[in-house]
>>> print(open('protein_7.txt').read())   # compact mmCIF, C-alpha atoms
# COMPACT_ATOMS: atom_id res chain seq x y z
CA MET Q 1 106.15 108.10 110.10
CA LYS Q 2 105.26 111.73 110.64
CA ALA Q 3 101.93 113.44 111.34
CA GLY Q 4 100.84 117.05 111.50
CA LEU Q 5 100.16 118.42 114.98
CA LEU Q 6 96.97 120.44 115.47
CA THR Q 7 95.67 122.62 118.26
CA VAL Q 8 92.13 121.92 119.41
CA THR Q 9 90.98 125.06 117.65
CA GLN Q 10 92.64 123.96 114.42
CA LYS Q 11 91.12 120.51 114.78
CA ASP Q 12 87.66 122.03 115.13
CA GLU Q 13 88.26 124.11 112.03
CA LEU Q 14 89.11 121.07 109.92
CA VAL Q 15 86.44 118.61 111.01
CA GLY Q 16 84.01 117.99 108.15
CA GLN Q 17 85.98 120.10 105.68
CA GLU Q 18 87.37 118.94 102.34
CA PHE Q 19 91.07 119.12 101.57
CA ALA Q 20 90.33 118.11 97.96
CA LEU Q 21 87.21 117.16 96.06
CA ASP Q 22 85.34 114.38 97.92
CA SER Q 23 88.21 113.99 100.41
CA HIS Q 24 87.75 115.19 103.97
CA TYR Q 25 90.12 115.91 106.81
CA ASN Q 26 89.90 113.39 109.61
CA PRO Q 27 91.74 114.66 112.70
CA VAL Q 28 92.42 111.87 115.18
CA GLN Q 29 94.20 111.66 118.51
CA ASP Q 30 97.59 110.03 118.87
CA CYS Q 31 98.97 108.05 121.82
CA ASN Q 32 99.39 111.26 123.80
CA ASP Q 33 95.88 112.48 122.97
CA LYS Q 34 97.32 115.12 120.68
CA TRP Q 35 95.20 115.97 117.63
CA ILE Q 36 96.90 115.12 114.35
CA ILE Q 37 96.26 114.83 110.64
CA SER Q 38 98.25 112.77 108.16
CA THR Q 39 100.94 114.05 105.86
CA GLN Q 40 98.79 112.94 102.93
CA GLU Q 41 96.04 115.35 103.98
CA ILE Q 42 98.62 118.14 104.33
CA GLU Q 43 100.26 117.47 100.97
CA GLN Q 44 96.97 117.02 99.11
CA THR Q 45 95.28 120.16 100.44
CA VAL Q 46 94.22 122.18 97.41
CA TYR Q 47 91.93 124.79 98.93
CA PRO Q 48 93.68 128.06 99.88
CA THR Q 49 91.47 128.45 102.95
CA PHE Q 50 93.37 125.57 104.50
CA TYR Q 51 96.85 126.19 103.15
CA TRP Q 52 97.87 126.92 106.75
CA VAL Q 53 98.01 123.16 107.37
CA LYS Q 54 101.14 123.08 105.22
CA SER Q 55 102.89 125.04 107.98
CA ILE Q 56 101.86 123.06 111.07
CA PRO Q 57 104.62 121.21 112.92
CA LEU Q 58 105.31 117.60 112.08
CA ILE Q 59 105.77 115.10 114.90
CA ASP Q 60 106.58 111.41 115.00
CA TYR Q 61 103.36 109.44 114.69
CA CYS Q 62 102.54 107.41 117.76
CA PRO Q 63 99.35 105.37 117.29
CA LYS Q 64 96.70 105.46 119.93
CA ILE Q 65 96.42 102.08 121.56
CA TYR Q 66 92.91 100.76 121.74
CA PRO Q 67 91.98 98.27 124.43
CA PRO Q 68 92.56 94.77 123.10
CA ILE Q 69 89.44 92.93 122.18
CA ASN Q 70 88.48 89.38 121.50
CA PRO Q 71 86.97 88.44 118.15
CA PRO Q 72 84.16 90.85 117.30
CA LEU Q 73 80.81 89.50 118.33
CA VAL Q 74 77.28 90.80 118.25
CA MET E 1 66.23 93.57 91.06
CA PHE E 2 66.20 96.79 89.05
CA HIS E 3 69.43 98.64 88.69
CA PRO E 4 69.12 102.14 87.31
CA PHE E 5 72.00 101.71 84.92
CA GLY E 6 71.50 98.09 84.03
CA PHE E 7 69.59 98.92 80.87
CA MET E 8 72.68 100.69 79.55
CA SER E 9 74.62 97.46 79.33
CA THR E 10 75.14 97.45 75.62
CA GLN E 11 77.95 96.84 73.25
CA ALA E 12 79.34 99.80 71.42
CA GLY E 13 78.77 99.75 67.70
CA GLY E 14 81.58 99.66 65.19
CA GLY E 15 83.96 97.53 67.21
CA GLY E 16 84.93 100.37 69.51
CA GLY E 17 84.71 98.32 72.66
CA ASP E 18 82.05 97.93 75.28
CA ALA E 19 80.02 101.13 75.63
CA ASP E 20 79.89 101.01 79.43
CA ALA E 21 83.61 100.36 79.66
CA THR E 22 84.25 103.28 77.36
CA ALA E 23 82.02 105.52 79.46
CA TYR E 24 83.83 104.49 82.64
CA LEU E 25 87.25 105.13 81.07
CA SER E 26 86.04 108.54 79.99
CA ALA E 27 84.92 109.28 83.55
CA VAL E 28 88.34 108.20 84.83
CA THR E 29 90.19 110.62 82.60
CA THR E 30 87.71 113.41 83.26
CA ALA E 31 88.42 112.93 86.97
CA GLY E 32 92.14 113.43 86.38
CA GLY E 33 93.18 109.82 85.97
CA SER E 34 95.39 108.52 83.22
CA THR E 35 95.10 105.31 81.23
CA ASP E 36 96.95 103.58 78.44
CA ALA E 37 96.22 100.88 75.92
CA THR E 38 96.83 98.12 78.46
CA ILE E 39 94.45 99.63 81.00
CA ASP E 40 91.84 100.40 78.37
CA GLY E 41 91.99 96.83 77.12
CA ALA E 42 91.83 95.39 80.63
CA VAL E 43 88.77 97.47 81.48
CA ASP E 44 87.02 96.51 78.26
CA THR E 45 87.70 92.82 78.88
CA LEU E 46 86.52 93.18 82.48
CA PHE E 47 83.20 94.66 81.45
CA THR E 48 82.59 92.19 78.63
CA SER E 49 83.53 89.27 80.88
CA LEU E 50 81.15 90.40 83.61
CA LYS E 51 78.37 90.75 81.06
CA SER E 52 79.09 87.40 79.44
CA ALA E 53 78.89 85.81 82.88
CA GLY E 54 75.53 87.45 83.47
CA VAL E 55 76.67 89.28 86.59
CA TYR E 56 77.18 92.87 85.42
CA SER E 57 73.54 93.79 86.00
CA LYS E 58 73.78 92.27 89.50
CA ILE E 59 76.48 94.67 90.65
CA TYR E 60 75.37 97.58 92.78
CA ALA E 61 78.78 99.23 92.87
CA PHE E 62 82.34 98.34 91.90
CA TYR E 63 85.62 100.15 92.15
CA PRO E 64 88.49 98.93 89.87
CA TYR E 65 90.88 101.67 91.13
CA ILE E 66 92.43 102.68 87.83
CA GLY E 67 93.74 106.05 86.74
CA GLY E 68 96.11 106.47 89.65
CA THR E 69 94.46 109.50 91.27
CA ALA E 70 92.05 110.05 94.13
CA GLY E 71 89.46 111.47 91.76
CA SER E 72 89.55 108.44 89.47
CA HIS E 73 89.64 105.90 92.30
CA ILE E 74 86.42 107.01 93.98
CA ILE E 75 84.31 106.38 90.86
CA ASN E 76 81.69 103.64 90.91
CA ALA E 77 82.48 101.95 87.60
CA ASN E 78 78.86 101.38 86.58
CA LEU E 79 78.56 105.17 86.77
CA ASN E 80 75.75 105.20 89.28
CA THR E 81 77.23 108.26 90.91
CA SER E 82 75.08 107.79 94.01
CA TYR E 83 77.69 105.27 95.07
CA ASP E 84 80.84 107.18 94.24
CA GLN E 85 83.06 107.09 97.28
CA VAL E 86 83.60 110.01 99.65
CA ARG E 87 86.87 109.83 101.53
CA SER E 88 88.22 110.88 104.89
CA GLY E 89 91.83 111.00 106.06
CA GLY E 90 95.02 110.27 104.19
CA TRP E 91 95.29 108.08 101.11
CA THR E 92 98.03 107.40 98.60
CA ASP E 93 96.85 106.75 95.06
CA ASN E 94 98.83 105.42 92.13
CA SER E 95 98.54 102.87 89.35
CA SER E 96 98.88 99.99 91.81
CA GLY E 97 95.71 100.92 93.72
CA ALA E 98 94.38 102.95 96.62
CA LEU E 99 96.28 102.80 99.91
CA PRO E 100 94.76 103.95 103.22
CA ASN E 101 97.45 105.23 105.57
CA GLY E 102 96.59 103.19 108.66
CA ILE E 103 96.35 106.40 110.68
CA ASN E 104 93.00 107.97 109.87
CA ALA E 105 91.87 106.90 106.39
CA TRP E 106 88.52 105.44 105.44
CA SER E 107 86.03 105.81 102.59
CA ASP E 108 82.24 105.85 102.28
CA THR E 109 80.51 104.15 99.34
CA GLN E 110 77.29 106.01 100.25
CA LEU E 111 75.46 102.69 99.87
CA LEU E 112 73.16 102.04 102.83
CA PRO E 113 72.41 98.30 103.05
CA SER E 114 68.89 98.66 104.43
CA SER E 115 67.92 100.92 101.52
CA ALA E 116 69.87 99.49 98.61
CA LEU E 117 70.29 95.77 99.21
CA THR E 118 67.96 92.78 99.34
CA LYS E 119 68.07 90.46 102.31
CA ASN E 120 69.55 87.05 101.54
CA ASN E 121 70.79 88.22 98.16
CA THR E 122 73.97 90.10 98.89
CA ALA E 123 77.73 89.81 98.54
CA LEU E 124 80.83 91.84 99.37
CA TRP E 125 84.18 91.47 97.58
CA THR E 126 87.55 93.11 98.07
CA TYR E 127 90.93 92.58 96.44
CA LEU E 128 93.75 93.51 98.80
CA SER E 129 97.51 93.66 98.87
CA GLY E 130 100.10 94.72 101.43
CA SER E 131 100.15 94.38 105.19
CA GLY E 132 97.54 95.11 107.78
CA GLN E 133 97.84 96.69 111.18
CA SER E 134 98.19 94.89 114.47
CA GLY E 135 94.61 94.18 115.45
CA TYR E 136 91.32 93.93 113.57
CA GLU E 137 90.64 96.01 110.51
CA ALA E 138 87.37 96.06 108.58
CA ASP E 139 88.52 96.27 104.99
CA LEU E 140 85.00 96.29 103.63
CA GLY E 141 81.70 96.67 105.43
CA THR E 142 80.06 98.84 108.03
CA GLY E 143 82.69 98.31 110.69
CA THR E 144 80.05 97.93 113.34
CA TYR E 145 78.68 94.87 114.98
CA ASN E 146 75.87 95.14 117.46
CA THR E 147 72.16 94.47 117.68
CA THR E 148 71.28 97.78 116.03
CA ASP E 149 73.76 97.56 113.16
CA GLN E 150 73.23 94.00 112.04
CA PHE E 151 74.72 94.20 108.56
CA THR E 152 78.34 94.05 109.42
CA ALA E 153 81.56 93.41 107.66
CA LEU E 154 84.46 91.50 106.37
CA ILE E 155 87.04 91.87 109.11
CA LEU E 156 90.63 90.78 108.82
CA ALA E 157 93.10 90.53 111.67
CA GLU E 158 96.82 90.83 111.28
CA THR E 159 99.51 90.30 113.87
CA GLY E 160 97.37 91.13 116.88
CA GLY E 161 94.37 89.40 118.30
CA ASP E 162 94.01 85.82 117.16
CA GLN E 163 95.08 86.58 113.58
CA SER E 164 91.82 85.20 112.28
CA SER E 165 89.52 86.64 109.66
CA TYR E 166 85.84 87.24 110.23
CA PHE E 167 83.07 87.39 107.68
CA TYR E 168 79.66 88.65 108.68
CA ALA E 169 76.32 88.89 106.98
CA TYR E 170 73.43 90.55 108.76
CA ASP E 171 74.22 89.19 112.20
CA GLY E 172 77.48 88.21 113.78
CA GLY E 173 75.99 85.37 115.76
CA THR E 174 74.68 82.80 113.32
CA SER E 175 75.80 84.40 110.06
CA ARG E 176 79.43 84.51 110.89
CA ILE E 177 82.31 82.52 109.50
CA SER E 178 85.76 82.86 110.97
CA LEU E 179 88.90 81.53 109.35
CA ASN E 180 92.09 81.10 111.25
CA ASN E 181 95.39 82.41 110.05
CA LEU E 182 96.53 79.03 108.78
CA ILE E 183 93.95 79.24 106.02
CA PHE E 184 94.34 82.87 105.08
CA THR E 185 98.03 83.36 105.75
CA ASP E 186 98.85 86.33 103.57
CA HIS E 187 95.57 88.25 103.88
CA GLN E 188 95.94 89.23 100.23
CA GLY E 189 94.08 88.64 97.01
CA LEU E 190 90.38 88.63 96.28
CA VAL E 191 88.31 87.74 99.32
CA GLY E 192 84.60 88.00 99.93
CA TRP E 193 81.37 86.50 101.08
CA ASN E 194 78.05 85.90 99.40
CA ARG E 195 74.63 85.10 100.80
CA PRO E 196 72.51 83.86 97.90
CA SER E 197 69.69 82.55 100.09
CA ALA E 198 68.49 82.40 103.69
CA ASN E 199 70.41 79.23 104.45
CA VAL E 200 73.61 79.67 102.50
CA PHE E 201 76.46 81.92 103.49
CA ASN E 202 79.77 81.32 101.69
CA VAL E 203 83.27 82.67 102.15
CA TRP E 204 85.55 82.87 99.10
CA LEU E 205 89.27 83.39 98.82
CA LYS E 206 91.23 83.75 95.59
CA GLY E 207 88.47 82.19 93.55
CA ASN E 208 87.88 79.24 95.80
CA LYS E 209 85.00 78.62 98.18
CA LEU E 210 86.52 78.13 101.61
CA ALA E 211 83.52 77.66 103.84
CA THR E 212 79.74 77.56 103.94
CA ASP E 213 77.43 78.28 106.84
CA THR E 214 73.91 76.88 106.53
CA ASN E 215 72.38 78.52 109.57
CA ALA E 216 69.25 80.45 108.72
CA THR E 217 69.47 84.21 108.73
CA THR E 218 68.27 85.72 111.96
CA GLY E 219 69.41 89.27 111.38
CA GLU E 220 68.31 92.05 109.09
CA LEU E 221 69.93 94.59 106.80
CA ASN E 222 69.35 97.21 109.45
CA THR E 223 72.27 99.51 109.91
CA THR E 224 72.85 103.18 110.44
CA THR E 225 76.11 103.03 108.53
CA ASN E 226 76.86 102.93 104.83
CA ILE E 227 79.22 100.29 103.48
CA LEU E 228 82.79 101.52 103.90
CA VAL E 229 86.09 100.62 102.19
CA PRO E 230 87.62 100.39 104.73
CA ALA E 231 85.81 101.27 107.93
CA PRO E 232 87.44 103.75 110.32
CA GLY E 233 89.21 102.77 113.50
CA GLY E 234 87.43 102.64 116.81
CA ASN E 235 84.87 100.24 118.26
CA GLY E 236 87.57 97.62 118.55
CA LEU E 237 88.96 98.18 115.07
CA VAL E 238 92.22 99.74 113.95
CA TYR E 239 92.55 101.98 110.92
CA ALA E 240 93.23 99.79 107.90
CA SER E 241 96.43 99.80 105.89
CA ARG E 242 95.95 97.20 103.17
CA LYS E 243 95.93 98.47 99.60
CA HIS E 244 92.64 98.18 97.72
CA LEU E 245 92.84 96.91 94.14
CA PHE E 246 89.14 96.23 93.65
CA ASP E 247 85.97 96.43 95.73
CA ALA E 248 82.44 95.41 94.84
CA ILE E 249 78.98 95.20 96.36
CA THR E 250 76.78 92.77 94.46
CA GLU E 251 73.76 90.54 94.59
CA GLY E 252 74.22 87.14 96.19
CA PHE E 253 75.40 85.24 93.07
CA SER E 254 75.24 81.53 92.44
CA ASP E 255 78.42 79.53 92.82
CA THR E 256 79.00 79.69 89.07
CA GLU E 257 78.42 83.43 88.99
CA ALA E 258 80.71 83.95 91.98
CA THR E 259 83.45 81.93 90.32
CA ASP E 260 83.12 83.71 86.99
CA PHE E 261 83.08 87.07 88.75
CA GLN E 262 86.28 86.31 90.64
CA THR E 263 87.98 84.96 87.52
CA ALA E 264 87.16 88.16 85.64
CA ILE E 265 88.56 90.31 88.41
CA ASN E 266 91.80 88.40 88.77
CA THR E 267 92.28 88.37 85.01
CA PHE E 268 91.84 92.14 85.14
CA GLN E 269 94.48 92.45 87.87
CA THR E 270 96.83 90.12 86.02
CA THR E 271 96.60 92.18 82.85
CA LEU E 272 97.48 95.25 84.88
CA GLY E 273 100.39 93.43 86.48
CA ARG E 274 99.11 93.88 90.04
CA ASN E 275 97.61 90.46 90.78
CA THR E 276 98.64 88.78 94.03
CA TYR E 277 97.83 85.20 92.99
>>> encode(input="protein_7.txt", output="structure tokens")
Amino acid sequence: MKAGLLTVTQKDELVGQEFALDSHYNPVQDCNDKWIISTQEIEQTVYPTFYWVKSIPLIDYCPKIYPPINPPLV
Amino acid sequence: MFHPFGFMSTQAGGGGGDADATAYLSAVTTAGGSTDATIDGAVDTLFTSLKSAGVYSKIYAFYPYIGGTAGSHIINANLNTSYDQVRSGGWTDNSSGALPNGINAWSDTQLLPSSALTKNNTALWTYLSGSGQSGYEADLGTGTYNTTDQFTALILAETGGDQSSYFYAYDGGTSRISLNNLIFTDHQGLVGWNRPSANVFNVWLKGNKLATDTNATTGELNTTTNILVPAPGGNGLVYASRKHLFDAITEGFSDTEATDFQTAINTFQTTLGRNTY
């Protein structure tokens, strides 16, 4: 699975912005703390302001590992 | 309980189908979705079945995921647009449902439990297919569980953790039911919980009641988070990757109402050829 690699500046530019009507970018960090967005967000971007995401490099997606937890409790 | 659109629950004149179903189908196509005679018929039967069962007016929001596009899938089918979904991250939409990518996708129903719901008269339902991630994913709910955010979630675990499923209402301590993986082996189909009163908290799977907790509610609807389908990763959760075929937020329902509701939904999925049971 691939993901689009962002710089920190690019990440800041996308946070809170729509890539299509009622659909927002959600940059997250991968296992190497690199900022990424999904290929779906790239492919479904319809606003010209953000067409630059269609040119960002794609990298292999490596999920960030969260600390294991026991069953969620209050 | 007053629902702003409940009074619109009427049959269309002249045999043209249920008026609310027709309005929903129109909204789907306006949003870029596509339907056909099979889908139109399934939606009409769904609406009429829910009304015949007396539960349509007890639904705050429901999402049948038809039309095959993002725009059509975010629509609250009773057309209370206050609860149309707002998405984040990457989704894949087609006629089989709405698929979060397991990387960064989640969706906000904009329904805040403490404002919209009534304590001890609430239910959450979700119809899922596909595989989950390793770890815990909150396929429907707030995704939080602490003393401040007491209205929590329906949380399913896949290959990680203890592979159990957790169902919360208001407080994870006494209003929690957990089911081990031997009971809910495939993590697919229609699953949900309902709390029709202060001392009854049921878990349902594929139309059958699996468990009841009779502990009195100690928590509240307090939460700072809207109900999400699914909740984002973090706070001990992973990003979800099961496909959503139907989601609903309803009043608590009696056993009969809950059964009729689930039958209507699975009949709907069966007509569309995407049922999992």
>>> residues_around(input="protein_7.txt", residues="Ile59 in chain Q", least_positions_apart="3", cutoff="7 Å", atoms="only C-alpha atoms", output="MDAnalysis selection string")
chainID Q and resid 2:5
>>> closest_residue(input="protein_7.txt", among="Q:Gln17, Q:Thr39, Q:Asn32, Q:Asn26", to="Ile56 in chain Q", atoms="only C-alpha atoms")
Q:Thr39
>>> closest_atom_pairs(input="protein_7.txt", of="chain Q", to="chain E", cutoff="12 Å", atoms="all atoms listed in the file", output="Markdown table")
| residue | atom | partner | partner_atom | distance |
| --- | --- | --- | --- | --- |
| Q:Met1 | CA | E:Ile103 | CA | 10.0 |
| Q:Lys2 | CA | E:Ile103 | CA | 10.4 |
| Q:Ala3 | CA | E:Ile103 | CA | 9.0 |
| Q:Gly4 | CA | E:Gly90 | CA | 11.5 |
| Q:Leu14 | CA | E:Gly89 | CA | 11.1 |
| Q:Val15 | CA | E:Ser88 | CA | 10.0 |
| Q:Gly16 | CA | E:Ser88 | CA | 8.9 |
| Q:Gln17 | CA | E:Ser88 | CA | 9.5 |
| Q:Glu18 | CA | E:Ser88 | CA | 8.5 |
| Q:Phe19 | CA | E:Gly89 | CA | 9.3 |
| Q:Ala20 | CA | E:Ala70 | CA | 9.1 |
| Q:Leu21 | CA | E:Gly71 | CA | 7.5 |
| Q:Asp22 | CA | E:Val86 | CA | 5.0 |
| Q:Ser23 | CA | E:Arg87 | CA | 4.5 |
| Q:His24 | CA | E:Ser88 | CA | 4.4 |
| Q:Tyr25 | CA | E:Gly89 | CA | 5.3 |
| Q:Asn26 | CA | E:Gly89 | CA | 4.7 |
| Q:Pro27 | CA | E:Asn104 | CA | 7.4 |
| Q:Val28 | CA | E:Asn104 | CA | 6.6 |
| Q:Gln29 | CA | E:Asn104 | CA | 9.5 |
| Q:Asp30 | CA | E:Ile103 | CA | 9.0 |
| Q:Cys31 | CA | E:Ile103 | CA | 11.6 |
| Q:Trp35 | CA | E:Asn104 | CA | 11.4 |
| Q:Ile36 | CA | E:Asn104 | CA | 9.3 |
| Q:Ile37 | CA | E:Gly89 | CA | 7.4 |
| Q:Ser38 | CA | E:Gly90 | CA | 5.7 |
| Q:Thr39 | CA | E:Gly90 | CA | 7.2 |
| Q:Gln40 | CA | E:Gly90 | CA | 4.8 |
| Q:Glu41 | CA | E:Gly90 | CA | 5.2 |
| Q:Ile42 | CA | E:Gly90 | CA | 8.7 |
| Q:Glu43 | CA | E:Gly90 | CA | 9.5 |
| Q:Gln44 | CA | E:Gly90 | CA | 8.7 |
| Q:Thr45 | CA | E:Gly90 | CA | 10.6 |
| Q:Tyr61 | CA | E:Ile103 | CA | 8.6 |
| Q:Cys62 | CA | E:Ile103 | CA | 9.5 |
| Q:Pro63 | CA | E:Ile103 | CA | 7.3 |
| Q:Lys64 | CA | E:Ile103 | CA | 9.3 |
| Q:Ile65 | CA | E:Val238 | CA | 9.0 |
| Q:Tyr66 | CA | E:Gly236 | CA | 7.0 |
| Q:Pro67 | CA | E:Gly236 | CA | 7.4 |
| Q:Pro68 | CA | E:Gly236 | CA | 7.3 |
| Q:Ile69 | CA | E:Gly236 | CA | 6.2 |
| Q:Asn70 | CA | E:Gly161 | CA | 6.7 |
| Q:Pro71 | CA | E:Gly161 | CA | 7.5 |
| Q:Pro72 | CA | E:Tyr145 | CA | 7.2 |
| Q:Leu73 | CA | E:Gly172 | CA | 5.8 |
| Q:Val74 | CA | E:Asn146 | CA | 4.6 |
>>> atom_distance(input="protein_7.txt", atom1="CA of Thr35 in chain E", atom2="CA of Thr267 in chain E")
17.6 Å
>>> atom_distance(input="protein_7.txt", atom1="CA of Asn94 in chain E", atom2="CA of Ser241 in chain E")
15.1 Å
>>> atom_distance(input="protein_7.txt", atom1="CA of Gln110 in chain E", atom2="CA of Leu228 in chain E")
8.0 Å
>>> closest_residue(input="protein_7.txt", among="E:Ala240, E:Ala211, E:Val43, E:Ala116", to="Gln269 in chain E", atoms="all atoms listed in the file")
E:Val43
>>> residues_near_point(input="protein_7.txt", point="(81.5, 83.1, 99.1)", cutoff="8 Å", atoms="all atoms listed in the file", output="number ranges by chain")
E: 123, 192-195, 201-205, 209-212, 255, 258
>>> write_last_selection(input="protein_7.txt", atoms="C-alpha atoms", output="JSON list (two decimals), in the frame of the given file")
[["chain", "number", "residue", "atom", "x", "y", "z"],
["E", 123, "ALA", "CA", 77.73, 89.81, 98.54],
["E", 192, "GLY", "CA", 84.60, 88.00, 99.93],
["E", 193, "TRP", "CA", 81.37, 86.50, 101.08],
["E", 194, "ASN", "CA", 78.05, 85.90, 99.40],
["E", 195, "ARG", "CA", 74.63, 85.10, 100.80],
["E", 201, "PHE", "CA", 76.46, 81.92, 103.49],
["E", 202, "ASN", "CA", 79.77, 81.32, 101.69],
["E", 203, "VAL", "CA", 83.27, 82.67, 102.15],
["E", 204, "TRP", "CA", 85.55, 82.87, 99.10],
["E", 205, "LEU", "CA", 89.27, 83.39, 98.82],
["E", 209, "LYS", "CA", 85.00, 78.62, 98.18],
["E", 210, "LEU", "CA", 86.52, 78.13, 101.61],
["E", 211, "ALA", "CA", 83.52, 77.66, 103.84],
["E", 212, "THR", "CA", 79.74, 77.56, 103.94],
["E", 255, "ASP", "CA", 78.42, 79.53, 92.82],
["E", 258, "ALA", "CA", 80.71, 83.95, 91.98]]
>>> build_atoms(input="protein_7.txt", residues="range 39-58 of chain Q", atoms="N, CA and C atoms", output="short mmCIF file (atom, residue, chain, number, x, y, z; two decimals), in the frame of the given file")
data_model
loop_
_atom_site.label_atom_id
_atom_site.label_comp_id
_atom_site.auth_asym_id
_atom_site.auth_seq_id
_atom_site.Cartn_x
_atom_site.Cartn_y
_atom_site.Cartn_z
N THR Q 39 100.18 113.27 106.84
CA THR Q 39 100.94 114.05 105.86
C THR Q 39 100.27 114.04 104.49
N GLN Q 40 99.50 112.96 104.21
CA GLN Q 40 98.79 112.94 102.93
C GLN Q 40 97.76 114.08 102.86
N GLU Q 41 97.04 114.27 103.96
CA GLU Q 41 96.04 115.35 103.98
C GLU Q 41 96.73 116.71 103.81
N ILE Q 42 97.88 116.87 104.43
CA ILE Q 42 98.62 118.14 104.33
C ILE Q 42 99.06 118.35 102.88
N GLU Q 43 99.70 117.33 102.32
CA GLU Q 43 100.26 117.47 100.97
C GLU Q 43 99.18 117.63 99.91
N GLN Q 44 98.01 117.01 100.14
CA GLN Q 44 96.97 117.02 99.11
C GLN Q 44 95.96 118.14 99.29
N THR Q 45 96.19 119.02 100.25
CA THR Q 45 95.28 120.16 100.44
C THR Q 45 95.38 121.10 99.24
N VAL Q 46 94.23 121.34 98.61
CA VAL Q 46 94.22 122.18 97.41
C VAL Q 46 93.43 123.47 97.60
N TYR Q 47 92.75 123.60 98.73
CA TYR Q 47 91.93 124.79 98.93
C TYR Q 47 92.71 125.83 99.74
N PRO Q 48 92.88 127.04 99.20
CA PRO Q 48 93.68 128.06 99.88
C PRO Q 48 93.24 128.36 101.31
N THR Q 49 91.96 128.19 101.60
CA THR Q 49 91.47 128.45 102.95
C THR Q 49 92.24 127.63 103.99
N PHE Q 50 92.70 126.47 103.55
CA PHE Q 50 93.37 125.57 104.50
C PHE Q 50 94.86 125.40 104.21
N TYR Q 51 95.41 126.28 103.43
CA TYR Q 51 96.85 126.19 103.15
C TYR Q 51 97.69 126.27 104.42
N TRP Q 52 97.11 126.81 105.49
CA TRP Q 52 97.87 126.92 106.75
C TRP Q 52 98.29 125.55 107.28
N VAL Q 53 97.60 124.48 106.86
CA VAL Q 53 98.01 123.16 107.37
C VAL Q 53 99.41 122.78 106.87
N LYS Q 54 99.81 123.40 105.77
CA LYS Q 54 101.14 123.08 105.22
C LYS Q 54 102.26 123.64 106.09
N SER Q 55 101.89 124.45 107.09
CA SER Q 55 102.89 125.04 107.98
C SER Q 55 102.82 124.51 109.41
N ILE Q 56 101.95 123.58 109.69
CA ILE Q 56 101.86 123.06 111.07
C ILE Q 56 103.06 122.16 111.35
N PRO Q 57 103.45 122.05 112.60
CA PRO Q 57 104.62 121.21 112.92
C PRO Q 57 104.35 119.73 112.68
N LEU Q 58 105.40 119.04 112.26
CA LEU Q 58 105.31 117.60 112.08
C LEU Q 58 105.92 116.90 113.29
#
